[in-house]
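A.B. asks: This is model.txt, which holds compact mmCIF, N, CA and C atoms:
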```txt
# COMPACT_ATOMS: atom_id res chain seq x y z
N MET A 1420 0.85 -1.18 0.00
CA MET A 1420 0.00 0.00 0.00
C MET A 1420 0.90 1.24 0.00
N THR A 1421 0.50 2.25 -0.73
CA THR A 1421 1.27 3.48 -0.81
C THR A 1421 1.10 4.33 0.44
N ASP A 1422 2.08 5.17 0.72
CA ASP A 1422 1.99 6.07 1.87
C ASP A 1422 1.33 7.39 1.52
N GLU A 1423 0.98 7.58 0.25
CA GLU A 1423 0.32 8.81 -0.16
C GLU A 1423 -1.02 8.92 0.57
N ARG A 1424 -1.34 10.10 1.04
CA ARG A 1424 -2.57 10.33 1.80
C ARG A 1424 -3.50 11.27 1.03
N THR A 1425 -4.78 11.10 1.27
CA THR A 1425 -5.78 11.97 0.69
C THR A 1425 -6.81 12.30 1.77
N GLN A 1426 -7.48 13.41 1.62
CA GLN A 1426 -8.48 13.86 2.58
C GLN A 1426 -9.81 13.19 2.28
N LEU A 1427 -10.50 12.72 3.32
CA LEU A 1427 -11.82 12.13 3.17
C LEU A 1427 -12.80 12.91 4.02
N ASN A 1428 -13.73 13.57 3.39
CA ASN A 1428 -14.74 14.35 4.11
C ASN A 1428 -16.10 13.73 3.85
N VAL A 1429 -16.64 13.07 4.88
CA VAL A 1429 -17.95 12.44 4.75
C VAL A 1429 -18.74 12.68 6.02
N LYS A 1430 -20.04 12.63 5.91
CA LYS A 1430 -20.91 12.69 7.09
C LYS A 1430 -21.35 11.27 7.38
N ILE A 1431 -21.19 10.88 8.65
CA ILE A 1431 -21.62 9.55 9.05
C ILE A 1431 -22.53 9.66 10.27
N ASN A 1432 -23.22 8.60 10.57
CA ASN A 1432 -24.10 8.52 11.72
C ASN A 1432 -23.31 8.85 12.99
N ALA A 1433 -23.86 9.69 13.86
CA ALA A 1433 -23.17 10.11 15.08
C ALA A 1433 -22.85 8.93 15.99
N ARG A 1434 -23.73 7.95 16.07
CA ARG A 1434 -23.50 6.77 16.91
C ARG A 1434 -22.30 5.98 16.38
N VAL A 1435 -22.26 5.78 15.08
CA VAL A 1435 -21.15 5.03 14.47
C VAL A 1435 -19.84 5.79 14.69
N HIS A 1436 -19.86 7.10 14.55
CA HIS A 1436 -18.66 7.91 14.76
C HIS A 1436 -18.17 7.78 16.19
N TRP A 1437 -19.06 7.92 17.17
CA TRP A 1437 -18.70 7.81 18.58
C TRP A 1437 -18.11 6.44 18.89
N LEU A 1438 -18.77 5.39 18.41
CA LEU A 1438 -18.30 4.03 18.67
C LEU A 1438 -16.97 3.76 17.97
N ALA A 1439 -16.77 4.31 16.78
CA ALA A 1439 -15.50 4.15 16.08
C ALA A 1439 -14.37 4.83 16.86
N MET A 1440 -14.66 6.00 17.44
CA MET A 1440 -13.64 6.68 18.26
C MET A 1440 -13.28 5.83 19.47
N LEU A 1441 -14.28 5.23 20.13
CA LEU A 1441 -14.01 4.37 21.28
C LEU A 1441 -13.19 3.15 20.86
N CYS A 1442 -13.54 2.55 19.73
CA CYS A 1442 -12.79 1.38 19.25
C CYS A 1442 -11.35 1.74 18.92
N ALA A 1443 -11.15 2.90 18.32
CA ALA A 1443 -9.78 3.34 18.00
C ALA A 1443 -8.98 3.53 19.29
N ARG A 1444 -9.59 4.17 20.30
CA ARG A 1444 -8.91 4.34 21.58
C ARG A 1444 -8.62 2.99 22.22
N HIS A 1445 -9.56 2.08 22.12
CA HIS A 1445 -9.39 0.73 22.67
C HIS A 1445 -8.15 0.06 22.05
N LEU A 1446 -7.96 0.27 20.76
CA LEU A 1446 -6.83 -0.33 20.05
C LEU A 1446 -5.55 0.50 20.16
N GLY A 1447 -5.68 1.72 20.69
CA GLY A 1447 -4.51 2.58 20.82
C GLY A 1447 -4.04 3.19 19.52
N ILE A 1448 -4.99 3.42 18.62
CA ILE A 1448 -4.65 4.02 17.33
C ILE A 1448 -5.55 5.23 17.09
N SER A 1449 -5.20 6.01 16.10
CA SER A 1449 -6.01 7.18 15.78
C SER A 1449 -7.30 6.76 15.07
N LEU A 1450 -8.26 7.65 15.09
CA LEU A 1450 -9.51 7.38 14.39
C LEU A 1450 -9.25 7.17 12.90
N ALA A 1451 -8.36 7.97 12.33
CA ALA A 1451 -8.04 7.83 10.90
C ALA A 1451 -7.45 6.45 10.61
N GLU A 1452 -6.55 5.98 11.47
CA GLU A 1452 -5.97 4.65 11.28
C GLU A 1452 -7.05 3.57 11.38
N PHE A 1453 -7.95 3.73 12.34
CA PHE A 1453 -9.02 2.75 12.52
C PHE A 1453 -9.93 2.72 11.30
N VAL A 1454 -10.37 3.88 10.85
CA VAL A 1454 -11.27 3.96 9.70
C VAL A 1454 -10.59 3.38 8.47
N GLU A 1455 -9.33 3.73 8.26
CA GLU A 1455 -8.60 3.22 7.10
C GLU A 1455 -8.50 1.70 7.14
N ALA A 1456 -8.21 1.14 8.31
CA ALA A 1456 -8.11 -0.32 8.45
C ALA A 1456 -9.46 -0.98 8.17
N GLN A 1457 -10.55 -0.39 8.67
CA GLN A 1457 -11.88 -0.96 8.45
C GLN A 1457 -12.28 -0.88 6.99
N LEU A 1458 -11.95 0.23 6.35
CA LEU A 1458 -12.24 0.36 4.92
C LEU A 1458 -11.45 -0.66 4.12
N ALA A 1459 -10.16 -0.79 4.44
CA ALA A 1459 -9.32 -1.74 3.72
C ALA A 1459 -9.84 -3.17 3.90
N GLU A 1460 -10.26 -3.50 5.12
CA GLU A 1460 -10.82 -4.84 5.37
C GLU A 1460 -12.12 -5.05 4.60
N GLY A 1461 -12.91 -3.99 4.52
CA GLY A 1461 -14.20 -4.08 3.84
C GLY A 1461 -14.12 -4.19 2.34
N ILE A 1462 -12.99 -3.83 1.75
CA ILE A 1462 -12.87 -3.90 0.29
C ILE A 1462 -11.95 -5.04 -0.17
N THR A 1463 -11.68 -5.97 0.73
CA THR A 1463 -10.92 -7.15 0.28
C THR A 1463 -11.80 -7.95 -0.68
N ARG A 1464 -11.16 -8.74 -1.48
CA ARG A 1464 -11.89 -9.56 -2.46
C ARG A 1464 -12.94 -10.43 -1.77
N ASP A 1465 -12.54 -11.13 -0.70
CA ASP A 1465 -13.47 -12.01 0.00
C ASP A 1465 -14.67 -11.25 0.57
N ALA A 1466 -14.40 -10.09 1.16
CA ALA A 1466 -15.49 -9.29 1.74
C ALA A 1466 -16.46 -8.83 0.67
N MET A 1467 -15.94 -8.38 -0.44
CA MET A 1467 -16.80 -7.89 -1.51
C MET A 1467 -17.61 -9.02 -2.14
N LEU A 1468 -16.98 -10.17 -2.37
CA LEU A 1468 -17.70 -11.30 -2.96
C LEU A 1468 -18.78 -11.84 -2.02
N SER A 1469 -18.52 -11.77 -0.72
CA SER A 1469 -19.52 -12.27 0.23
C SER A 1469 -20.74 -11.34 0.30
N ARG A 1470 -20.60 -10.10 -0.14
CA ARG A 1470 -21.68 -9.12 -0.08
C ARG A 1470 -22.46 -8.99 -1.38
N GLN A 1471 -21.99 -9.56 -2.46
CA GLN A 1471 -22.58 -9.25 -3.75
C GLN A 1471 -24.04 -9.65 -3.89
N ASP A 1472 -24.50 -10.64 -3.13
CA ASP A 1472 -25.90 -11.05 -3.25
C ASP A 1472 -26.80 -10.45 -2.17
N ARG A 1473 -26.22 -9.65 -1.27
CA ARG A 1473 -27.01 -9.02 -0.19
C ARG A 1473 -27.52 -7.67 -0.66
N PRO A 1474 -28.55 -7.16 0.01
CA PRO A 1474 -29.03 -5.81 -0.32
C PRO A 1474 -27.89 -4.80 -0.14
N ARG A 1475 -27.92 -3.74 -0.92
CA ARG A 1475 -26.85 -2.74 -0.87
C ARG A 1475 -26.69 -2.11 0.51
N LYS A 1476 -27.81 -1.78 1.16
CA LYS A 1476 -27.74 -1.16 2.48
C LYS A 1476 -28.34 -2.13 3.48
N GLN A 1477 -27.53 -2.56 4.42
CA GLN A 1477 -27.99 -3.54 5.39
C GLN A 1477 -27.56 -3.10 6.79
N ALA A 1478 -28.51 -3.13 7.72
CA ALA A 1478 -28.20 -2.78 9.11
C ALA A 1478 -27.35 -3.89 9.72
N PRO A 1479 -26.43 -3.51 10.64
CA PRO A 1479 -25.63 -4.54 11.30
C PRO A 1479 -26.53 -5.56 12.01
N ILE A 1480 -26.17 -6.83 11.89
CA ILE A 1480 -26.97 -7.89 12.49
C ILE A 1480 -26.68 -8.00 13.98
N SER A 1481 -25.43 -7.93 14.34
CA SER A 1481 -25.07 -8.08 15.75
C SER A 1481 -24.83 -6.71 16.37
N PRO A 1482 -24.88 -6.63 17.70
CA PRO A 1482 -24.59 -5.34 18.35
C PRO A 1482 -23.18 -4.87 18.00
N LEU A 1483 -23.02 -3.58 17.95
CA LEU A 1483 -21.71 -3.00 17.67
C LEU A 1483 -20.87 -2.99 18.94
N PHE A 1484 -19.56 -3.06 18.78
CA PHE A 1484 -18.64 -3.04 19.91
C PHE A 1484 -18.85 -1.74 20.69
N TYR A 1485 -18.98 -1.82 21.99
CA TYR A 1485 -19.21 -0.68 22.89
C TYR A 1485 -20.57 -0.01 22.67
N GLU A 1486 -21.48 -0.65 21.99
CA GLU A 1486 -22.78 -0.03 21.70
C GLU A 1486 -23.54 0.37 22.97
N SER A 1487 -23.33 -0.36 24.06
CA SER A 1487 -24.03 -0.04 25.31
C SER A 1487 -23.59 1.31 25.87
N LEU A 1488 -22.48 1.85 25.39
CA LEU A 1488 -21.99 3.15 25.86
C LEU A 1488 -22.60 4.31 25.07
N TRP A 1489 -23.38 4.02 24.06
CA TRP A 1489 -23.96 5.07 23.23
C TRP A 1489 -25.23 5.64 23.86
N SER A 1490 -25.41 6.93 23.68
CA SER A 1490 -26.64 7.64 24.01
C SER A 1490 -26.71 8.85 23.10
N ASP A 1491 -27.90 9.31 22.81
CA ASP A 1491 -28.05 10.55 22.03
C ASP A 1491 -27.55 11.75 22.83
N ASP A 1492 -27.50 11.61 24.15
CA ASP A 1492 -27.08 12.69 25.04
C ASP A 1492 -25.58 12.58 25.34
N GLU A 1493 -24.83 13.65 25.06
CA GLU A 1493 -23.38 13.64 25.25
C GLU A 1493 -22.98 13.35 26.69
N ALA A 1494 -23.64 13.98 27.64
CA ALA A 1494 -23.31 13.77 29.06
C ALA A 1494 -23.52 12.31 29.45
N THR A 1495 -24.57 11.72 28.97
CA THR A 1495 -24.86 10.32 29.27
C THR A 1495 -23.78 9.41 28.69
N ARG A 1496 -23.34 9.72 27.47
CA ARG A 1496 -22.26 8.93 26.85
C ARG A 1496 -21.00 8.98 27.71
N ILE A 1497 -20.63 10.18 28.12
CA ILE A 1497 -19.41 10.34 28.92
C ILE A 1497 -19.56 9.64 30.27
N PHE A 1498 -20.72 9.74 30.89
CA PHE A 1498 -20.98 9.07 32.16
C PHE A 1498 -20.80 7.55 32.01
N HIS A 1499 -21.38 6.99 30.96
CA HIS A 1499 -21.26 5.54 30.73
C HIS A 1499 -19.80 5.13 30.51
N VAL A 1500 -19.09 5.88 29.70
CA VAL A 1500 -17.69 5.54 29.46
C VAL A 1500 -16.89 5.67 30.75
N ALA A 1501 -17.17 6.72 31.53
CA ALA A 1501 -16.44 6.94 32.78
C ALA A 1501 -16.58 5.78 33.75
N PHE A 1502 -17.73 5.13 33.74
CA PHE A 1502 -17.95 4.05 34.71
C PHE A 1502 -17.85 2.66 34.13
N ASP A 1503 -17.86 2.53 32.81
CA ASP A 1503 -17.78 1.21 32.20
C ASP A 1503 -16.49 0.96 31.42
N ALA A 1504 -15.82 2.03 31.00
CA ALA A 1504 -14.60 1.88 30.19
C ALA A 1504 -13.72 3.13 30.37
N GLN A 1505 -13.39 3.42 31.61
CA GLN A 1505 -12.73 4.68 31.97
C GLN A 1505 -11.46 4.97 31.15
N ASP A 1506 -10.73 3.95 30.79
CA ASP A 1506 -9.50 4.16 30.04
C ASP A 1506 -9.74 4.69 28.62
N LEU A 1507 -11.00 4.73 28.19
CA LEU A 1507 -11.32 5.24 26.86
C LEU A 1507 -11.69 6.72 26.85
N LEU A 1508 -11.72 7.35 28.03
CA LEU A 1508 -12.01 8.79 28.09
C LEU A 1508 -10.84 9.58 27.52
N THR A 1509 -11.16 10.68 26.86
CA THR A 1509 -10.11 11.61 26.45
C THR A 1509 -9.66 12.37 27.69
N GLU A 1510 -8.58 13.09 27.58
CA GLU A 1510 -8.09 13.85 28.73
C GLU A 1510 -9.10 14.91 29.17
N SER A 1511 -9.72 15.59 28.22
CA SER A 1511 -10.70 16.61 28.58
C SER A 1511 -11.95 15.98 29.21
N GLN A 1512 -12.36 14.83 28.73
CA GLN A 1512 -13.49 14.13 29.34
C GLN A 1512 -13.14 13.67 30.76
N ARG A 1513 -11.93 13.17 30.93
CA ARG A 1513 -11.48 12.72 32.25
C ARG A 1513 -11.49 13.89 33.24
N LYS A 1514 -11.00 15.03 32.80
CA LYS A 1514 -10.99 16.22 33.67
C LYS A 1514 -12.41 16.65 34.02
N ALA A 1515 -13.32 16.58 33.07
CA ALA A 1515 -14.71 16.95 33.33
C ALA A 1515 -15.34 16.00 34.35
N VAL A 1516 -15.07 14.71 34.21
CA VAL A 1516 -15.61 13.72 35.15
C VAL A 1516 -15.08 13.97 36.56
N VAL A 1517 -13.77 14.23 36.68
CA VAL A 1517 -13.18 14.49 37.99
C VAL A 1517 -13.76 15.76 38.59
N SER A 1518 -13.89 16.80 37.78
CA SER A 1518 -14.43 18.07 38.25
C SER A 1518 -15.87 17.91 38.74
N ILE A 1519 -16.67 17.22 37.95
CA ILE A 1519 -18.07 17.02 38.33
C ILE A 1519 -18.17 16.13 39.57
N SER A 1520 -17.39 15.06 39.61
CA SER A 1520 -17.40 14.16 40.77
C SER A 1520 -17.04 14.90 42.04
N THR A 1521 -16.03 15.76 41.96
CA THR A 1521 -15.58 16.54 43.11
C THR A 1521 -16.67 17.52 43.55
N ALA A 1522 -17.28 18.20 42.59
CA ALA A 1522 -18.33 19.16 42.90
C ALA A 1522 -19.54 18.48 43.56
N VAL A 1523 -19.93 17.34 43.04
CA VAL A 1523 -21.08 16.61 43.59
C VAL A 1523 -20.76 16.12 45.00
N ALA A 1524 -19.56 15.58 45.20
CA ALA A 1524 -19.15 15.09 46.52
C ALA A 1524 -19.09 16.23 47.53
N SER A 1525 -18.62 17.41 47.10
CA SER A 1525 -18.53 18.54 48.02
C SER A 1525 -19.91 19.03 48.48
N GLN A 1526 -20.94 18.70 47.70
CA GLN A 1526 -22.32 19.05 48.07
C GLN A 1526 -22.96 17.94 48.90
N GLY A 1527 -22.19 16.90 49.17
CA GLY A 1527 -22.71 15.79 49.96
C GLY A 1527 -23.71 14.92 49.21
N LYS A 1528 -23.67 15.00 47.88
CA LYS A 1528 -24.59 14.22 47.06
C LYS A 1528 -23.88 13.00 46.47
N LYS A 1529 -24.69 12.08 46.00
CA LYS A 1529 -24.17 10.90 45.31
C LYS A 1529 -24.10 11.20 43.82
N LEU A 1530 -23.05 10.75 43.17
CA LEU A 1530 -22.93 10.95 41.73
C LEU A 1530 -23.81 9.93 41.02
N THR A 1531 -24.84 10.43 40.40
CA THR A 1531 -25.75 9.60 39.61
C THR A 1531 -25.77 10.17 38.20
N LEU A 1532 -26.38 9.45 37.30
CA LEU A 1532 -26.50 9.96 35.94
C LEU A 1532 -27.21 11.31 35.95
N ARG A 1533 -28.25 11.43 36.76
CA ARG A 1533 -29.01 12.69 36.83
C ARG A 1533 -28.14 13.84 37.30
N THR A 1534 -27.40 13.66 38.42
CA THR A 1534 -26.56 14.74 38.93
C THR A 1534 -25.41 15.03 37.97
N PHE A 1535 -24.88 14.00 37.33
CA PHE A 1535 -23.81 14.20 36.35
C PHE A 1535 -24.31 15.05 35.19
N ARG A 1536 -25.48 14.72 34.67
CA ARG A 1536 -26.04 15.46 33.54
C ARG A 1536 -26.29 16.92 33.92
N GLN A 1537 -26.79 17.16 35.13
CA GLN A 1537 -27.05 18.53 35.56
C GLN A 1537 -25.74 19.33 35.60
N HIS A 1538 -24.73 18.77 36.21
CA HIS A 1538 -23.45 19.46 36.32
C HIS A 1538 -22.76 19.61 34.96
N TYR A 1539 -22.90 18.60 34.12
CA TYR A 1539 -22.30 18.67 32.79
C TYR A 1539 -22.94 19.78 31.97
N ALA A 1540 -24.26 19.89 32.05
CA ALA A 1540 -24.97 20.95 31.33
C ALA A 1540 -24.52 22.31 31.81
N ALA A 1541 -24.36 22.47 33.13
CA ALA A 1541 -23.90 23.74 33.68
C ALA A 1541 -22.48 24.04 33.22
N MET A 1542 -21.63 23.01 33.20
CA MET A 1542 -20.24 23.17 32.77
C MET A 1542 -20.18 23.59 31.31
N LYS A 1543 -20.99 22.96 30.47
CA LYS A 1543 -21.02 23.31 29.04
C LYS A 1543 -21.57 24.71 28.83
N GLY A 1544 -22.52 25.11 29.67
CA GLY A 1544 -23.09 26.45 29.58
C GLY A 1544 -22.08 27.54 29.92
N ASP A 1545 -21.11 27.18 30.76
CA ASP A 1545 -20.08 28.14 31.18
C ASP A 1545 -19.00 28.33 30.11
N GLU A 1546 -18.95 27.46 29.14
CA GLU A 1546 -17.89 27.54 28.10
C GLU A 1546 -18.14 28.65 27.13
```
Give the structure from this file in structure tokens form.

C.D. replies:
Amino acid sequence: MTDERTQLNVKINARVHWLAMLCARHLGISLAEFVEAQLAEGITRDAMLSRQDRPRKQAPISPLFYESLWSDDEATRIFHVAFDAQDLLTESQRKAVVSISTAVASQGKKLTLRTFRQHYAAMKGDE
């Protein structure tokens, strides 16, 4: 494969994008490296021949990796990752979780999804 690079600008489903970022972090590679590897795997001769008789657009049959961490709500996604796959948080997400956890504890409250979402919304509003 050549080392020449080209820019790829596409719009994809937000859930697929989020899960792809988590998978790339899980593997310790960049999102670009992950996407390139998945595309390369998807266009192998065997992969293409196995798809030729299927409908052009087909929903995934099995659950996607880390799919349980997805939510339409950003705060909920970060909360789930923080408690189910903490090593996949970005540095800024990790700092937000620590900040919110500290603030909630200082108020004598328990950190729940509800309290996390409230504090996250306030934090985002301050930006």

A.B. asks: For CA of Glu1486 (chain A) and CA of Leu1438 (chain A), determine how far apart the two atoms are, in Å to one decimal place.

C.D. replies: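 Atom-to-atom, CA of Glu1486 (chain A) to CA of Leu1438 (chain A), that is 6.8 Å.
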
A.B. asks: Show me, as a ChimeraX atom specification, the residues that have an atom within 8 Å of region 1509-1519 of chain A when counting all atoms listed in the file, minus same-chain residues fewer than 6 positions from it.

C.D. replies: /A:1497-1498,1501,1525,1530,1534-1535,1538-1539

A.B. asks: Counting only C-alpha atoms, which residue out of A:Met1467, A:Ala1443, A:Leu1532, A:Val1454 sits closest to Thr1495 (chain A)?

C.D. replies: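 When distances to Thr1495 (chain A) are compared using only C-alpha atoms, the smallest one comes from A:Leu1532.
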
A.B. asks: Between A:Phe1484, A:Trp1489, A:Arg1533, A:Ser1469, which is the closest to Cys1442 (chain A) once you count all atoms listed in the file?

C.D. replies: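 Closest candidate: A:Phe1484.
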
A.B. asks: Just to confirm, what's the straight-line distance from CA of Ala1522 (chain A) to CA of Trp1437 (chain A) in Å (one decimal)?

C.D. replies: 26.8 Å

A.B. asks: Give me, please, the distance in Å between atom N of Leu1488 (chain A) and atom N of Gly1527 (chain A), quoted to one decimal.

C.D. replies: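 Separation of atom N of Leu1488 (chain A) and atom N of Gly1527 (chain A): 28.1 Å.
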
A.B. asks: Which residues, written as a list in words, have at least one atom at most 8 Å from His1445 (chain A), with all atoms listed in the file counted and residues fewer than 5 positions away on the same chain left out?

C.D. replies: Ala1439, Met1440, Asp1506 and Leu1507 of chain A

A.B. asks: Check chain A with DSSP on the backbone and list each residue it calls helix (DSSP H, G or I), as a PyMOL selection string.

C.D. replies: chain A and resi 1433-1446+1450-1461+1464-1470+1486-1488+1493-1503+1505-1507+1510-1525+1532-1545

A.B. asks: Which is closer to His1436 (chain A) than all the others in A:Leu1468, A:Gln1537, A:Asp1422, A:Tyr1485, using only C-alpha atoms?

C.D. replies: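 Comparing A:Leu1468, A:Gln1537, A:Asp1422, A:Tyr1485 against His1436 (chain A), the winner is A:Tyr1485.
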
A.B. asks: With distances taken over only C-alpha atoms, which residue among A:Gly1461, A:Gln1526, A:Ala1456, A:Leu1508 lies nearest Arg1496 (chain A)?

C.D. replies: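 Looking at the shortest contact to Arg1496 (chain A), the residue is A:Leu1508.
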
A.B. asks: Of the candidates A:Leu1446, A:Ala1540, A:Lys1528, A:Ala1451, which one gets nearest to Ala1494 (chain A) if we count only N, CA and C atoms?

C.D. replies: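 Among the listed residues, A:Ala1540 lies closest to Ala1494 (chain A).
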
A.B. asks: Could you pull region 1436-1509 of chain A out of the structure I just pasted and write it to a file containing C-alpha atoms, as a PDB file, in the first residue's frame?

C.D. replies:
```
ATOM      1  CA  HIS A1436     -18.662   7.912  14.759  1.00  0.00           C
ATOM      2  CA  TRP A1437     -18.700   7.815  18.583  1.00  0.00           C
ATOM      3  CA  LEU A1438     -18.296   4.034  18.669  1.00  0.00           C
ATOM      4  CA  ALA A1439     -15.499   4.148  16.081  1.00  0.00           C
ATOM      5  CA  MET A1440     -13.639   6.678  18.259  1.00  0.00           C
ATOM      6  CA  LEU A1441     -14.005   4.370  21.281  1.00  0.00           C
ATOM      7  CA  CYS A1442     -12.795   1.382  19.255  1.00  0.00           C
ATOM      8  CA  ALA A1443      -9.782   3.338  18.004  1.00  0.00           C
ATOM      9  CA  ARG A1444      -8.910   4.343  21.580  1.00  0.00           C
ATOM     10  CA  HIS A1445      -9.393   0.733  22.666  1.00  0.00           C
ATOM     11  CA  LEU A1446      -6.828  -0.332  20.048  1.00  0.00           C
ATOM     12  CA  GLY A1447      -4.508   2.585  20.825  1.00  0.00           C
ATOM     13  CA  ILE A1448      -4.648   4.022  17.330  1.00  0.00           C
ATOM     14  CA  SER A1449      -6.009   7.182  15.777  1.00  0.00           C
ATOM     15  CA  LEU A1450      -9.514   7.380  14.389  1.00  0.00           C
ATOM     16  CA  ALA A1451      -8.036   7.833  10.903  1.00  0.00           C
ATOM     17  CA  GLU A1452      -5.970   4.646  11.281  1.00  0.00           C
ATOM     18  CA  PHE A1453      -9.022   2.752  12.524  1.00  0.00           C
ATOM     19  CA  VAL A1454     -11.271   3.957   9.703  1.00  0.00           C
ATOM     20  CA  GLU A1455      -8.597   3.224   7.098  1.00  0.00           C
ATOM     21  CA  ALA A1456      -8.111  -0.318   8.446  1.00  0.00           C
ATOM     22  CA  GLN A1457     -11.879  -0.961   8.453  1.00  0.00           C
ATOM     23  CA  LEU A1458     -12.241   0.361   4.918  1.00  0.00           C
ATOM     24  CA  ALA A1459      -9.319  -1.745   3.719  1.00  0.00           C
ATOM     25  CA  GLU A1460     -10.815  -4.839   5.372  1.00  0.00           C
ATOM     26  CA  GLY A1461     -14.205  -4.075   3.840  1.00  0.00           C
ATOM     27  CA  ILE A1462     -12.871  -3.904   0.293  1.00  0.00           C
ATOM     28  CA  THR A1463     -10.923  -7.155   0.284  1.00  0.00           C
ATOM     29  CA  ARG A1464     -11.894  -9.561  -2.460  1.00  0.00           C
ATOM     30  CA  ASP A1465     -13.472 -12.013   0.001  1.00  0.00           C
ATOM     31  CA  ALA A1466     -15.487  -9.292   1.743  1.00  0.00           C
ATOM     32  CA  MET A1467     -16.800  -7.889  -1.515  1.00  0.00           C
ATOM     33  CA  LEU A1468     -17.704 -11.297  -2.958  1.00  0.00           C
ATOM     34  CA  SER A1469     -19.520 -12.265   0.225  1.00  0.00           C
ATOM     35  CA  ARG A1470     -21.685  -9.122  -0.079  1.00  0.00           C
ATOM     36  CA  GLN A1471     -22.582  -9.251  -3.751  1.00  0.00           C
ATOM     37  CA  ASP A1472     -25.904 -11.053  -3.246  1.00  0.00           C
ATOM     38  CA  ARG A1473     -27.008  -9.025  -0.195  1.00  0.00           C
ATOM     39  CA  PRO A1474     -29.030  -5.810  -0.316  1.00  0.00           C
ATOM     40  CA  ARG A1475     -26.845  -2.738  -0.867  1.00  0.00           C
ATOM     41  CA  LYS A1476     -27.736  -1.159   2.480  1.00  0.00           C
ATOM     42  CA  GLN A1477     -27.986  -3.541   5.390  1.00  0.00           C
ATOM     43  CA  ALA A1478     -28.195  -2.778   9.105  1.00  0.00           C
ATOM     44  CA  PRO A1479     -25.633  -4.543  11.298  1.00  0.00           C
ATOM     45  CA  ILE A1480     -26.970  -7.891  12.487  1.00  0.00           C
ATOM     46  CA  SER A1481     -25.069  -8.079  15.752  1.00  0.00           C
ATOM     47  CA  PRO A1482     -24.589  -5.344  18.351  1.00  0.00           C
ATOM     48  CA  LEU A1483     -21.708  -2.997  17.667  1.00  0.00           C
ATOM     49  CA  PHE A1484     -18.641  -3.038  19.913  1.00  0.00           C
ATOM     50  CA  TYR A1485     -19.211  -0.676  22.890  1.00  0.00           C
ATOM     51  CA  GLU A1486     -22.780  -0.028  21.700  1.00  0.00           C
ATOM     52  CA  SER A1487     -24.030  -0.036  25.308  1.00  0.00           C
ATOM     53  CA  LEU A1488     -21.992   3.149  25.856  1.00  0.00           C
ATOM     54  CA  TRP A1489     -23.956   5.074  23.228  1.00  0.00           C
ATOM     55  CA  SER A1490     -26.641   7.635  24.007  1.00  0.00           C
ATOM     56  CA  ASP A1491     -28.045  10.548  22.032  1.00  0.00           C
ATOM     57  CA  ASP A1492     -27.083  12.692  25.040  1.00  0.00           C
ATOM     58  CA  GLU A1493     -23.379  13.643  25.247  1.00  0.00           C
ATOM     59  CA  ALA A1494     -23.309  13.769  29.058  1.00  0.00           C
ATOM     60  CA  THR A1495     -24.856  10.316  29.271  1.00  0.00           C
ATOM     61  CA  ARG A1496     -22.256   8.926  26.848  1.00  0.00           C
ATOM     62  CA  ILE A1497     -19.409  10.339  28.922  1.00  0.00           C
ATOM     63  CA  PHE A1498     -20.983   9.067  32.160  1.00  0.00           C
ATOM     64  CA  HIS A1499     -21.262   5.544  30.731  1.00  0.00           C
ATOM     65  CA  VAL A1500     -17.693   5.544  29.456  1.00  0.00           C
ATOM     66  CA  ALA A1501     -16.436   6.940  32.784  1.00  0.00           C
ATOM     67  CA  PHE A1502     -17.949   4.054  34.712  1.00  0.00           C
ATOM     68  CA  ASP A1503     -17.777   1.207  32.205  1.00  0.00           C
ATOM     69  CA  ALA A1504     -14.599   1.882  30.194  1.00  0.00           C
ATOM     70  CA  GLN A1505     -12.729   4.679  31.969  1.00  0.00           C
ATOM     71  CA  ASP A1506      -9.498   4.161  30.036  1.00  0.00           C
ATOM     72  CA  LEU A1507     -11.319   5.241  26.860  1.00  0.00           C
ATOM     73  CA  LEU A1508     -12.006   8.788  28.095  1.00  0.00           C
ATOM     74  CA  THR A1509     -10.111  11.608  26.445  1.00  0.00           C
TER      75      THR A1509
END
```
